[in-house]
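What follows is the content of my_file13.cif, which has mmCIF, C-alpha atoms and all ligand atoms:
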```
data_start
#
loop_
_atom_site.group_PDB
_atom_site.id
_atom_site.type_symbol
_atom_site.label_atom_id
_atom_site.label_comp_id
_atom_site.auth_asym_id
_atom_site.auth_seq_id
_atom_site.Cartn_x
_atom_site.Cartn_y
_atom_site.Cartn_z
ATOM 1 C CA MET T 4 0.000 0.000 0.000
ATOM 2 C CA ASP T 5 1.142 3.587 -0.691
ATOM 3 C CA THR T 6 2.528 5.519 2.279
ATOM 4 C CA PRO T 7 -0.295 7.543 3.842
ATOM 5 C CA ILE T 8 -0.215 11.317 3.511
ATOM 6 C CA ARG T 9 -1.056 12.912 6.863
ATOM 7 C CA VAL T 10 -3.068 16.085 6.576
ATOM 8 C CA VAL T 11 -4.153 18.280 9.474
ATOM 9 C CA VAL T 12 -7.083 20.624 8.895
ATOM 10 C CA ILE T 13 -7.437 23.357 11.524
ATOM 11 C CA GLY T 14 -11.089 24.258 12.186
ATOM 12 C CA GLY T 15 -14.317 22.270 12.283
ATOM 13 C CA GLY T 16 -16.549 24.794 10.543
ATOM 14 C CA ILE T 17 -18.082 24.175 7.138
ATOM 15 C CA VAL T 18 -14.888 25.200 5.320
ATOM 16 C CA GLY T 19 -12.612 22.880 7.328
ATOM 17 C CA LEU T 20 -14.992 19.930 7.146
ATOM 18 C CA SER T 21 -15.642 20.392 3.413
ATOM 19 C CA THR T 22 -11.912 20.725 2.756
ATOM 20 C CA ALA T 23 -11.250 17.543 4.726
ATOM 21 C CA ARG T 24 -13.929 15.629 2.830
ATOM 22 C CA ALA T 25 -12.772 16.916 -0.556
ATOM 23 C CA LEU T 26 -9.219 15.774 0.220
ATOM 24 C CA GLY T 27 -10.448 12.428 1.534
ATOM 25 C CA GLU T 28 -12.373 11.829 -1.678
ATOM 26 C CA ARG T 29 -9.366 12.755 -3.806
ATOM 27 C CA ALA T 30 -7.153 9.867 -2.685
ATOM 28 C CA GLU T 31 -7.367 6.979 -0.241
ATOM 29 C CA ARG T 32 -3.814 7.785 0.860
ATOM 30 C CA TYR T 33 -4.898 10.862 2.776
ATOM 31 C CA ARG T 34 -5.191 10.371 6.540
ATOM 32 C CA ILE T 35 -6.955 13.476 7.736
ATOM 33 C CA THR T 36 -7.266 14.923 11.216
ATOM 34 C CA VAL T 37 -9.528 17.918 11.770
ATOM 35 C CA LEU T 38 -8.521 19.838 14.911
ATOM 36 C CA GLU T 39 -11.402 21.823 16.398
ATOM 37 C CA LYS T 40 -10.989 23.880 19.564
ATOM 38 C CA GLU T 41 -14.643 23.583 20.642
ATOM 39 C CA ASP T 42 -16.401 20.382 21.694
ATOM 40 C CA GLU T 43 -18.606 20.159 18.586
ATOM 41 C CA VAL T 44 -18.521 21.216 14.938
ATOM 42 C CA ALA T 45 -20.134 24.417 13.637
ATOM 43 C CA LEU T 46 -20.267 26.340 16.908
ATOM 44 C CA HIS T 47 -19.103 29.572 15.283
ATOM 45 C CA GLN T 48 -20.061 31.183 11.953
ATOM 46 C CA SER T 49 -21.168 27.928 10.306
ATOM 47 C CA GLY T 50 -23.847 27.255 12.902
ATOM 48 C CA ARG T 51 -24.763 30.849 13.720
ATOM 49 C CA ASN T 52 -25.668 32.409 10.422
ATOM 50 C CA SER T 53 -28.886 33.169 8.550
ATOM 51 C CA GLY T 54 -29.123 29.622 7.210
ATOM 52 C CA VAL T 55 -29.682 30.860 3.681
ATOM 53 C CA LEU T 56 -28.774 28.917 0.549
ATOM 54 C CA HIS T 57 -27.681 31.791 -1.649
ATOM 55 C CA SER T 58 -28.376 31.539 -5.351
ATOM 56 C CA GLY T 59 -25.495 33.619 -6.753
ATOM 57 C CA VAL T 60 -27.697 36.474 -7.909
ATOM 58 C CA TYR T 61 -25.554 39.275 -6.432
ATOM 59 C CA TYR T 62 -22.080 38.473 -7.678
ATOM 60 C CA VAL T 63 -20.104 39.969 -10.539
ATOM 61 C CA PRO T 64 -20.568 37.681 -13.574
ATOM 62 C CA GLY T 65 -17.523 35.549 -14.285
ATOM 63 C CA SER T 66 -16.140 36.013 -10.768
ATOM 64 C CA LEU T 67 -15.087 33.061 -8.645
ATOM 65 C CA LYS T 68 -17.821 33.975 -6.148
ATOM 66 C CA ALA T 69 -20.498 33.818 -8.845
ATOM 67 C CA ARG T 70 -19.307 30.448 -10.142
ATOM 68 C CA LEU T 71 -18.761 28.865 -6.727
ATOM 69 C CA CYS T 72 -22.089 30.110 -5.385
ATOM 70 C CA THR T 73 -24.163 28.713 -8.257
ATOM 71 C CA ASP T 74 -22.217 25.403 -8.297
ATOM 72 C CA GLY T 75 -22.236 25.293 -4.498
ATOM 73 C CA LEU T 76 -26.004 25.643 -4.291
ATOM 74 C CA ARG T 77 -26.479 22.634 -6.572
ATOM 75 C CA GLN T 78 -23.928 20.583 -4.642
ATOM 76 C CA MET T 79 -25.410 21.573 -1.287
ATOM 77 C CA VAL T 80 -28.929 20.576 -2.328
ATOM 78 C CA ASP T 81 -27.623 17.210 -3.608
ATOM 79 C CA PHE T 82 -25.768 16.711 -0.309
ATOM 80 C CA CYS T 83 -28.885 17.542 1.723
ATOM 81 C CA LEU T 84 -31.029 15.133 -0.299
ATOM 82 C CA GLU T 85 -28.460 12.348 0.001
ATOM 83 C CA HIS T 86 -27.937 12.793 3.743
ATOM 84 C CA SER T 87 -31.445 13.834 4.843
ATOM 85 C CA VAL T 88 -30.406 17.328 5.955
ATOM 86 C CA PRO T 89 -33.356 19.703 6.499
ATOM 87 C CA HIS T 90 -33.559 22.300 3.728
ATOM 88 C CA ASP T 91 -36.173 24.047 1.616
ATOM 89 C CA ILE T 92 -35.814 25.798 -1.736
ATOM 90 C CA CYS T 93 -38.453 28.332 -0.763
ATOM 91 C CA GLY T 94 -37.382 31.298 -2.914
ATOM 92 C CA LYS T 95 -36.665 34.850 -1.890
ATOM 93 C CA VAL T 96 -37.630 38.389 -2.732
ATOM 94 C CA ILE T 97 -35.278 41.375 -2.840
ATOM 95 C CA VAL T 98 -37.493 44.393 -2.275
ATOM 96 C CA ALA T 99 -36.875 47.972 -3.426
ATOM 97 C CA THR T 100 -38.802 50.254 -1.082
ATOM 98 C CA LYS T 101 -37.774 53.494 -2.861
ATOM 99 C CA THR T 102 -37.418 54.344 -6.543
ATOM 100 C CA THR T 103 -33.798 55.379 -5.888
ATOM 101 C CA GLU T 104 -33.036 51.689 -5.212
ATOM 102 C CA LEU T 105 -34.345 50.550 -8.597
ATOM 103 C CA PRO T 106 -31.107 50.972 -10.598
ATOM 104 C CA TYR T 107 -29.256 48.665 -8.201
ATOM 105 C CA LEU T 108 -32.163 46.178 -8.122
ATOM 106 C CA HIS T 109 -32.004 46.063 -11.936
ATOM 107 C CA GLU T 110 -28.231 45.616 -11.758
ATOM 108 C CA ILE T 111 -28.759 42.596 -9.467
ATOM 109 C CA GLN T 112 -31.263 41.177 -11.959
ATOM 110 C CA ALA T 113 -28.750 41.620 -14.802
ATOM 111 C CA ARG T 114 -26.026 39.948 -12.740
ATOM 112 C CA GLY T 115 -28.347 37.100 -11.798
ATOM 113 C CA GLU T 116 -29.290 36.462 -15.413
ATOM 114 C CA ALA T 117 -25.637 36.569 -16.484
ATOM 115 C CA ASN T 118 -24.860 34.045 -13.727
ATOM 116 C CA GLY T 119 -27.605 31.697 -14.954
ATOM 117 C CA VAL T 120 -29.783 32.299 -11.870
ATOM 118 C CA ARG T 121 -33.540 32.302 -12.433
ATOM 119 C CA CYS T 122 -34.859 35.714 -11.329
ATOM 120 C CA ARG T 123 -37.730 37.963 -12.365
ATOM 121 C CA LEU T 124 -38.820 41.516 -11.564
ATOM 122 C CA ILE T 125 -42.262 41.608 -9.966
ATOM 123 C CA ASP T 126 -44.693 44.435 -9.265
ATOM 124 C CA PRO T 127 -46.162 45.347 -5.835
ATOM 125 C CA GLU T 128 -49.271 43.171 -6.418
ATOM 126 C CA GLU T 129 -47.253 40.057 -7.128
ATOM 127 C CA LEU T 130 -44.988 40.870 -4.189
ATOM 128 C CA SER T 131 -48.095 40.999 -1.963
ATOM 129 C CA ARG T 132 -49.164 37.571 -3.180
ATOM 130 C CA LEU T 133 -45.744 36.082 -2.337
ATOM 131 C CA GLU T 134 -45.140 38.046 0.866
ATOM 132 C CA PRO T 135 -48.377 39.681 2.064
ATOM 133 C CA ALA T 136 -46.625 41.817 4.707
ATOM 134 C CA ALA T 137 -43.939 43.212 2.383
ATOM 135 C CA ARG T 138 -44.323 46.600 0.678
ATOM 136 C CA GLY T 139 -42.170 47.911 -2.130
ATOM 137 C CA VAL T 140 -42.131 49.711 -5.454
ATOM 138 C CA GLN T 141 -40.680 46.668 -7.218
ATOM 139 C CA ALA T 142 -38.990 43.412 -6.218
ATOM 140 C CA LEU T 143 -36.819 40.684 -7.657
ATOM 141 C CA HIS T 144 -38.110 37.147 -7.142
ATOM 142 C CA VAL T 145 -35.389 34.497 -6.934
ATOM 143 C CA PRO T 146 -37.179 31.129 -6.773
ATOM 144 C CA ASP T 147 -34.074 28.954 -6.306
ATOM 145 C CA ALA T 148 -32.768 30.558 -3.095
ATOM 146 C CA GLY T 149 -33.523 28.554 0.019
ATOM 147 C CA ILE T 150 -32.828 27.704 3.621
ATOM 148 C CA VAL T 151 -30.824 24.929 5.226
ATOM 149 C CA ASP T 152 -29.701 23.746 8.638
ATOM 150 C CA TYR T 153 -25.950 24.365 8.269
ATOM 151 C CA SER T 154 -25.203 22.809 11.685
ATOM 152 C CA ALA T 155 -26.817 19.597 10.450
ATOM 153 C CA VAL T 156 -24.727 19.829 7.252
ATOM 154 C CA CYS T 157 -21.575 20.021 9.396
ATOM 155 C CA ARG T 158 -22.629 17.165 11.672
ATOM 156 C CA ALA T 159 -23.282 15.006 8.598
ATOM 157 C CA GLN T 160 -19.812 15.872 7.261
ATOM 158 C CA ARG T 161 -18.279 15.038 10.669
ATOM 159 C CA ASP T 162 -19.922 11.601 10.598
ATOM 160 C CA LEU T 163 -18.871 10.928 6.994
ATOM 161 C CA LEU T 164 -15.258 11.752 7.850
ATOM 162 C CA SER T 165 -15.333 9.350 10.816
ATOM 163 C CA ASP T 166 -16.984 6.640 8.689
ATOM 164 C CA ASP T 167 -14.133 7.002 6.182
ATOM 165 C CA GLY T 168 -11.528 6.468 8.917
ATOM 166 C CA HIS T 169 -10.504 10.099 9.394
ATOM 167 C CA GLU T 170 -10.515 11.874 12.747
ATOM 168 C CA VAL T 171 -12.314 14.959 14.011
ATOM 169 C CA ALA T 172 -10.698 15.887 17.336
ATOM 170 C CA PHE T 173 -12.413 18.288 19.728
ATOM 171 C CA GLY T 174 -10.983 20.521 22.450
ATOM 172 C CA ALA T 175 -7.911 20.808 20.209
ATOM 173 C CA GLU T 176 -6.843 24.454 20.042
ATOM 174 C CA VAL T 177 -3.954 25.076 17.683
ATOM 175 C CA GLU T 178 -1.559 27.883 18.559
ATOM 176 C CA LEU T 179 0.715 27.762 15.551
ATOM 177 C CA VAL T 180 2.170 25.662 12.797
ATOM 178 C CA ASP T 181 5.948 25.400 12.942
ATOM 179 C CA PRO T 182 7.183 25.119 9.350
ATOM 180 C CA SER T 183 10.906 24.954 10.185
ATOM 181 C CA GLY T 184 11.358 21.159 10.166
ATOM 182 C CA ARG T 185 11.253 18.667 7.310
ATOM 183 C CA THR T 186 7.493 18.489 7.732
ATOM 184 C CA PRO T 187 5.279 21.074 9.464
ATOM 185 C CA ARG T 188 4.484 20.598 13.178
ATOM 186 C CA VAL T 189 1.151 21.647 14.585
ATOM 187 C CA ARG T 190 1.405 22.922 18.131
ATOM 188 C CA GLY T 191 -0.991 23.871 20.896
ATOM 189 C CA GLU T 192 -1.202 23.472 24.655
ATOM 190 C CA ASP T 193 -1.877 19.727 24.394
ATOM 191 C CA ILE T 194 -0.990 19.293 20.736
ATOM 192 C CA ASP T 195 2.298 18.478 19.100
ATOM 193 C CA MET T 196 1.894 16.569 15.874
ATOM 194 C CA SER T 197 3.649 16.455 12.558
ATOM 195 C CA ALA T 198 1.861 16.324 9.238
ATOM 196 C CA ASP T 199 2.725 16.238 5.567
ATOM 197 C CA ALA T 200 0.389 19.151 4.969
ATOM 198 C CA VAL T 201 -1.642 21.535 7.113
ATOM 199 C CA VAL T 202 -4.704 23.454 5.933
ATOM 200 C CA ASN T 203 -5.683 26.462 8.021
ATOM 201 C CA CYS T 204 -9.504 26.753 8.023
ATOM 202 C CA ALA T 205 -9.827 28.517 11.378
ATOM 203 C CA GLY T 206 -12.446 30.996 10.189
ATOM 204 C CA LEU T 207 -12.082 34.369 11.870
ATOM 205 C CA HIS T 208 -8.873 33.178 13.561
ATOM 206 C CA ALA T 209 -7.201 31.986 10.364
ATOM 207 C CA ASP T 210 -5.106 35.136 9.947
ATOM 208 C CA ARG T 211 -3.891 34.989 13.568
ATOM 209 C CA ILE T 212 -2.766 31.383 13.197
ATOM 210 C CA ALA T 213 -1.047 32.264 9.927
ATOM 211 C CA ARG T 214 0.839 35.159 11.582
ATOM 212 C CA ALA T 215 1.736 33.103 14.676
ATOM 213 C CA SER T 216 3.188 30.548 12.254
ATOM 214 C CA GLY T 217 5.470 33.104 10.617
ATOM 215 C CA ALA T 218 3.419 33.795 7.490
ATOM 216 C CA GLU T 219 2.727 37.348 6.418
ATOM 217 C CA PRO T 220 -0.666 37.237 4.721
ATOM 218 C CA ASP T 221 -1.391 40.466 2.881
ATOM 219 C CA MET T 222 -4.911 40.464 4.247
ATOM 220 C CA LEU T 223 -6.652 41.071 7.531
ATOM 221 C CA ILE T 224 -9.894 39.435 8.555
ATOM 222 C CA VAL T 225 -12.405 42.100 9.569
ATOM 223 C CA PRO T 226 -15.141 40.182 11.375
ATOM 224 C CA PHE T 227 -18.696 41.417 11.482
ATOM 225 C CA ARG T 228 -21.296 40.341 13.927
ATOM 226 C CA GLY T 229 -24.826 39.384 13.018
ATOM 227 C CA ILE T 230 -27.647 40.065 15.450
ATOM 228 C CA PHE T 231 -30.723 37.862 15.128
ATOM 229 C CA TYR T 232 -34.202 38.405 16.548
ATOM 230 C CA GLU T 233 -36.914 35.769 16.496
ATOM 231 C CA LEU T 234 -40.487 36.721 15.614
ATOM 232 C CA ARG T 235 -43.081 35.734 18.222
ATOM 233 C CA GLU T 236 -45.394 32.881 17.227
ATOM 234 C CA GLU T 237 -48.312 35.243 16.473
ATOM 235 C CA ALA T 238 -46.099 37.368 14.184
ATOM 236 C CA ARG T 239 -44.574 34.482 12.211
ATOM 237 C CA ASP T 240 -46.783 35.028 9.153
ATOM 238 C CA LEU T 241 -45.124 38.433 8.592
ATOM 239 C CA CYS T 242 -42.478 36.472 6.707
ATOM 240 C CA ARG T 243 -43.362 33.462 4.571
ATOM 241 C CA ASN T 244 -39.909 32.777 3.158
ATOM 242 C CA LEU T 245 -36.956 35.125 2.626
ATOM 243 C CA ILE T 246 -37.320 38.904 2.413
ATOM 244 C CA TYR T 247 -34.215 40.969 1.655
ATOM 245 C CA PRO T 248 -33.664 44.678 1.067
ATOM 246 C CA VAL T 249 -31.691 45.999 -1.894
ATOM 247 C CA PRO T 250 -28.150 46.003 -0.467
ATOM 248 C CA ASP T 251 -26.227 49.243 -0.241
ATOM 249 C CA PRO T 252 -23.329 48.750 -2.696
ATOM 250 C CA GLU T 253 -21.093 50.773 -0.337
ATOM 251 C CA TYR T 254 -21.087 47.920 2.195
ATOM 252 C CA PRO T 255 -20.223 44.212 1.950
ATOM 253 C CA PHE T 256 -23.475 43.225 3.720
ATOM 254 C CA LEU T 257 -26.807 42.137 2.322
ATOM 255 C CA GLY T 258 -28.759 44.359 4.723
ATOM 256 C CA VAL T 259 -31.322 43.564 7.430
ATOM 257 C CA HIS T 260 -33.332 40.579 6.228
ATOM 258 C CA LEU T 261 -36.154 38.324 7.370
ATOM 259 C CA THR T 262 -35.667 34.595 7.025
ATOM 260 C CA ARG T 263 -37.554 31.456 7.853
ATOM 261 C CA ARG T 264 -35.619 28.694 9.633
ATOM 262 C CA THR T 265 -35.701 25.028 8.668
HETATM 263 C C1 LIG N 301 -24.002 36.995 10.642
HETATM 264 C C2 LIG N 301 -23.629 36.082 9.509
HETATM 265 C C3 LIG N 301 -24.633 35.556 8.706
HETATM 266 C C4 LIG N 301 -24.300 34.722 7.635
HETATM 267 N N1 LIG N 301 -25.299 34.171 6.884
HETATM 268 C C5 LIG N 301 -24.983 33.282 5.915
HETATM 269 C C6 LIG N 301 -26.006 32.620 5.182
HETATM 270 O O1 LIG N 301 -27.193 32.807 5.427
HETATM 271 N N2 LIG N 301 -25.643 31.768 4.192
HETATM 272 C C7 LIG N 301 -24.319 31.522 3.903
HETATM 273 O O2 LIG N 301 -24.050 30.735 2.976
HETATM 274 N N3 LIG N 301 -23.327 32.121 4.595
HETATM 275 C C8 LIG N 301 -23.632 32.968 5.604
HETATM 276 N N4 LIG N 301 -22.636 33.553 6.326
HETATM 277 C C9 LIG N 301 -21.254 33.204 6.014
HETATM 278 C C10 LIG N 301 -20.904 31.807 6.556
HETATM 279 O O3 LIG N 301 -21.472 31.595 7.837
HETATM 280 C C11 LIG N 301 -19.378 31.677 6.629
HETATM 281 O O4 LIG N 301 -18.819 31.998 5.365
HETATM 282 C C12 LIG N 301 -18.943 30.256 6.958
HETATM 283 O O5 LIG N 301 -19.658 29.728 8.049
HETATM 284 C C13 LIG N 301 -17.455 30.262 7.265
HETATM 285 O O6 LIG N 301 -17.106 28.969 7.666
HETATM 286 P P1 LIG N 301 -15.689 28.686 8.299
HETATM 287 O O7 LIG N 301 -15.563 27.211 8.451
HETATM 288 O O8 LIG N 301 -14.635 29.415 7.529
HETATM 289 O O9 LIG N 301 -15.725 29.433 9.697
HETATM 290 P P2 LIG N 301 -16.338 28.970 11.174
HETATM 291 O O10 LIG N 301 -17.651 28.352 10.975
HETATM 292 O O11 LIG N 301 -16.206 30.154 12.004
HETATM 293 O O12 LIG N 301 -15.335 27.831 11.544
HETATM 294 C C14 LIG N 301 -14.024 28.055 11.998
HETATM 295 C C15 LIG N 301 -13.745 26.986 13.026
HETATM 296 O O13 LIG N 301 -12.374 27.061 13.393
HETATM 297 C C16 LIG N 301 -12.288 26.814 14.782
HETATM 298 N N5 LIG N 301 -11.051 27.414 15.262
HETATM 299 C C17 LIG N 301 -10.730 28.734 15.316
HETATM 300 N N6 LIG N 301 -9.501 28.895 15.830
HETATM 301 C C18 LIG N 301 -9.031 27.643 16.094
HETATM 302 C C19 LIG N 301 -7.812 27.153 16.646
HETATM 303 N N7 LIG N 301 -6.848 27.987 17.029
HETATM 304 N N8 LIG N 301 -7.661 25.810 16.788
HETATM 305 C C20 LIG N 301 -8.659 24.944 16.411
HETATM 306 N N9 LIG N 301 -9.831 25.360 15.900
HETATM 307 C C21 LIG N 301 -10.010 26.693 15.736
HETATM 308 C C22 LIG N 301 -13.522 27.497 15.357
HETATM 309 O O14 LIG N 301 -13.854 26.995 16.650
HETATM 310 C C23 LIG N 301 -14.562 27.176 14.299
HETATM 311 O O15 LIG N 301 -15.273 25.986 14.576
HETATM 312 C C24 LIG N 301 -22.937 34.402 7.383
HETATM 313 C C25 LIG N 301 -21.935 34.927 8.202
HETATM 314 C C26 LIG N 301 -22.274 35.748 9.261
HETATM 315 C C27 LIG N 301 -21.178 36.273 10.144
#
```
Before we go any further, please render this structure as structure tokens.
Ligand SMILES: Cc1cc2nc3c(=O)[nH]c(=O)nc-3n(C[C@H](O)[C@H](O)[C@H](O)COP(=O)(O)OP(=O)(O)OC[C@H]3O[C@@H](n4cnc5c(N)ncnc54)[C@H](O)[C@@H]3O)c2cc1C
Amino acid sequence: MDTPIRVVVIGGGIVGLSTARALGERAERYRITVLEKEDEVALHQSGRNSGVLHSGVYYVPGSLKARLCTDGLRQMVDFCLEHSVPHDICGKVIVATKTTELPYLHEIQARGEANGVRCRLIDPEELSRLEPAARGVQALHVPDAGIVDYSAVCRAQRDLLSDDGHEVAFGAEVELVDPSGRTPRVRGEDIDMSADAVVNCAGLHADRIARASGAEPDMLIVPFRGIFYELREEARDLCRNLIYPVPDPEYPFLGVHLTRRT
């Protein structure tokens, strides 16, 4: 048998787990260990987000984001169907509440069409039929956007990795990767292991680990915090599916939105 290739993936969020699975599927020789500092997967961004399956409507045509988002949606839905992960392709509306927002709404429609995403401008009457509590001058309906339980996606990936003989270790906080030896060494308070390759998928801490390991990434992670409120039971019908504003192009956020959870 070929000599195994030992790979350490730092971080048990959706990026680390997906990276580990993609490597595991590439060759049987890979022996993968995911090191996660918490005691379960997806306890940070991956399990605390809006749970939206984005369609790729917003992104600049031809960009990596546009391609990965449209491909990723298809792959994610296939994964959910195969592994019984709760999800729903419920569609979404992006609502312009003022006429000044219309040029950017139309730009999003043009981008969506160029990216191969089904999307259609709708008038206030049709908006009311889809989302009776929403008001706007015009909206973009994106039927293939949806919702998913990303924590369940990550737990399914964790189990698949274990089934394939890889390891997901918890309570394993990495401090740095020492690249000075023949092979890199991953170190932490209770960790000292060598690997043939290390992949840093530590989410919002990825740049810190890179710097502590002697790398000089020419980027800085600027985290932003999402605040979520839950509608009371009697107010739940204010939102049937996904209602988004037209994002302000000055900011890298999609704006305050209403979502349904799986
Ligand atoms: C408010 C908000 C809403 C969002 N909504 C959506 C949405 O609706 N749809 C969507 O597709 N995307 C959404 N996103 C983006 C999405 O959540 C992230 O892109 C994705 O979860 C990033 O995954 P990750 O694995 O890189 O990071 P994380 O999920 O943060 O995973 C990183 C992991 O690394 C671990 N880690 C960190 N440091 C160490 C260390 N030193 N040693 C060991 N382990 C370590 C952490 O404990 C964590 O588990 C949203 C993001 C935010 C902030």
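Atom to atom, atom CA of Val225 of chain T and atom CA of Arg264 of chain T stand 26.8 Å apart.
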Q: Fewer than 3 positions away in the same chain doesn't count, so skip those; otherwise give me all residues within 7 Å of Ala215 of chain T, counting all atoms listed in the file, as a VMD selection string.
A: chain T and resid 179 211 to 212
Q: Return the single residue from T:Ala45, T:Leu105, T:Cys122, T:Leu164 that is closest to Ser58 of chain T, with distances computed using only C-alpha atoms.
A: T:Cys122
Q.
I'd like the neighbourhood of Asp181 of chain T as a ChimeraX atom specification, where a residue qualifies if any of its atoms comes within 9 Å (using all atoms listed in the file), though same-chain residues fewer than 6 positions away should be ignored.
A. /T:187-190,215-217
Q: Identify all residues satisfying the PyMOL selection byres (((not hetatm)) within 9 of (chain N and resi 301)) in the given file; provide them as a PyMOL selection string.
A: chain T and resi 12-21+37-57+72+150-151+153+173-179+191+203-209+211-212+226-231+262
Q | Nearest-residue call for Ala218 of chain T, choices T:Met196, T:Val180, T:Cys83, T:Leu163, using all atoms listed in the file | A |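 The closest residue to Ala218 of chain T is T:Val180.
Coordinates place atom CA of Phe256 of chain T at a distance of 14.3 Å from atom CA of Tyr107 of chain T.
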Reconstruct N, CA and C atoms of segment 101-116 of chain T; output as a JSON list (two decimals), keeping the file's coordinate frame.
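part_9.json was written with the following content:
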```json
[["chain", "number", "residue", "atom", "x", "y", "z"],
["T", 101, "LYS", "N", -37.80, 52.12, -2.32],
["T", 101, "LYS", "CA", -37.77, 53.49, -2.86],
["T", 101, "LYS", "C", -37.34, 53.42, -4.33],
["T", 102, "THR", "N", -37.79, 54.37, -5.12],
["T", 102, "THR", "CA", -37.42, 54.34, -6.54],
["T", 102, "THR", "C", -35.90, 54.53, -6.72],
["T", 103, "THR", "N", -35.26, 55.19, -5.76],
["T", 103, "THR", "CA", -33.80, 55.38, -5.89],
["T", 103, "THR", "C", -33.05, 54.04, -5.82],
["T", 104, "GLU", "N", -33.71, 53.00, -5.30],
["T", 104, "GLU", "CA", -33.04, 51.69, -5.21],
["T", 104, "GLU", "C", -33.18, 50.88, -6.50],
["T", 105, "LEU", "N", -34.05, 51.37, -7.41],
["T", 105, "LEU", "CA", -34.34, 50.55, -8.60],
["T", 105, "LEU", "C", -33.12, 50.28, -9.48],
["T", 106, "PRO", "N", -32.25, 51.29, -9.73],
["T", 106, "PRO", "CA", -31.11, 50.97, -10.60],
["T", 106, "PRO", "C", -30.28, 49.80, -10.06],
["T", 107, "TYR", "N", -30.08, 49.76, -8.73],
["T", 107, "TYR", "CA", -29.26, 48.66, -8.20],
["T", 107, "TYR", "C", -30.03, 47.35, -8.22],
["T", 108, "LEU", "N", -31.36, 47.41, -8.02],
["T", 108, "LEU", "CA", -32.16, 46.18, -8.12],
["T", 108, "LEU", "C", -32.04, 45.61, -9.54],
["T", 109, "HIS", "N", -32.10, 46.51, -10.54],
["T", 109, "HIS", "CA", -32.00, 46.06, -11.94],
["T", 109, "HIS", "C", -30.61, 45.52, -12.24],
["T", 110, "GLU", "N", -29.61, 46.12, -11.60],
["T", 110, "GLU", "CA", -28.23, 45.62, -11.76],
["T", 110, "GLU", "C", -28.13, 44.19, -11.20],
["T", 111, "ILE", "N", -28.78, 43.95, -10.05],
["T", 111, "ILE", "CA", -28.76, 42.60, -9.47],
["T", 111, "ILE", "C", -29.45, 41.62, -10.42],
["T", 112, "GLN", "N", -30.56, 42.06, -11.01],
["T", 112, "GLN", "CA", -31.26, 41.18, -11.96],
["T", 112, "GLN", "C", -30.34, 40.83, -13.14],
["T", 113, "ALA", "N", -29.64, 41.85, -13.66],
["T", 113, "ALA", "CA", -28.75, 41.62, -14.80],
["T", 113, "ALA", "C", -27.63, 40.65, -14.41],
["T", 114, "ARG", "N", -27.09, 40.85, -13.20],
["T", 114, "ARG", "CA", -26.03, 39.95, -12.74],
["T", 114, "ARG", "C", -26.56, 38.53, -12.60],
["T", 115, "GLY", "N", -27.75, 38.42, -12.00],
["T", 115, "GLY", "CA", -28.35, 37.10, -11.80],
["T", 115, "GLY", "C", -28.52, 36.38, -13.13],
["T", 116, "GLU", "N", -29.06, 37.10, -14.11],
["T", 116, "GLU", "CA", -29.29, 36.46, -15.41],
["T", 116, "GLU", "C", -27.96, 36.04, -16.04]]
```
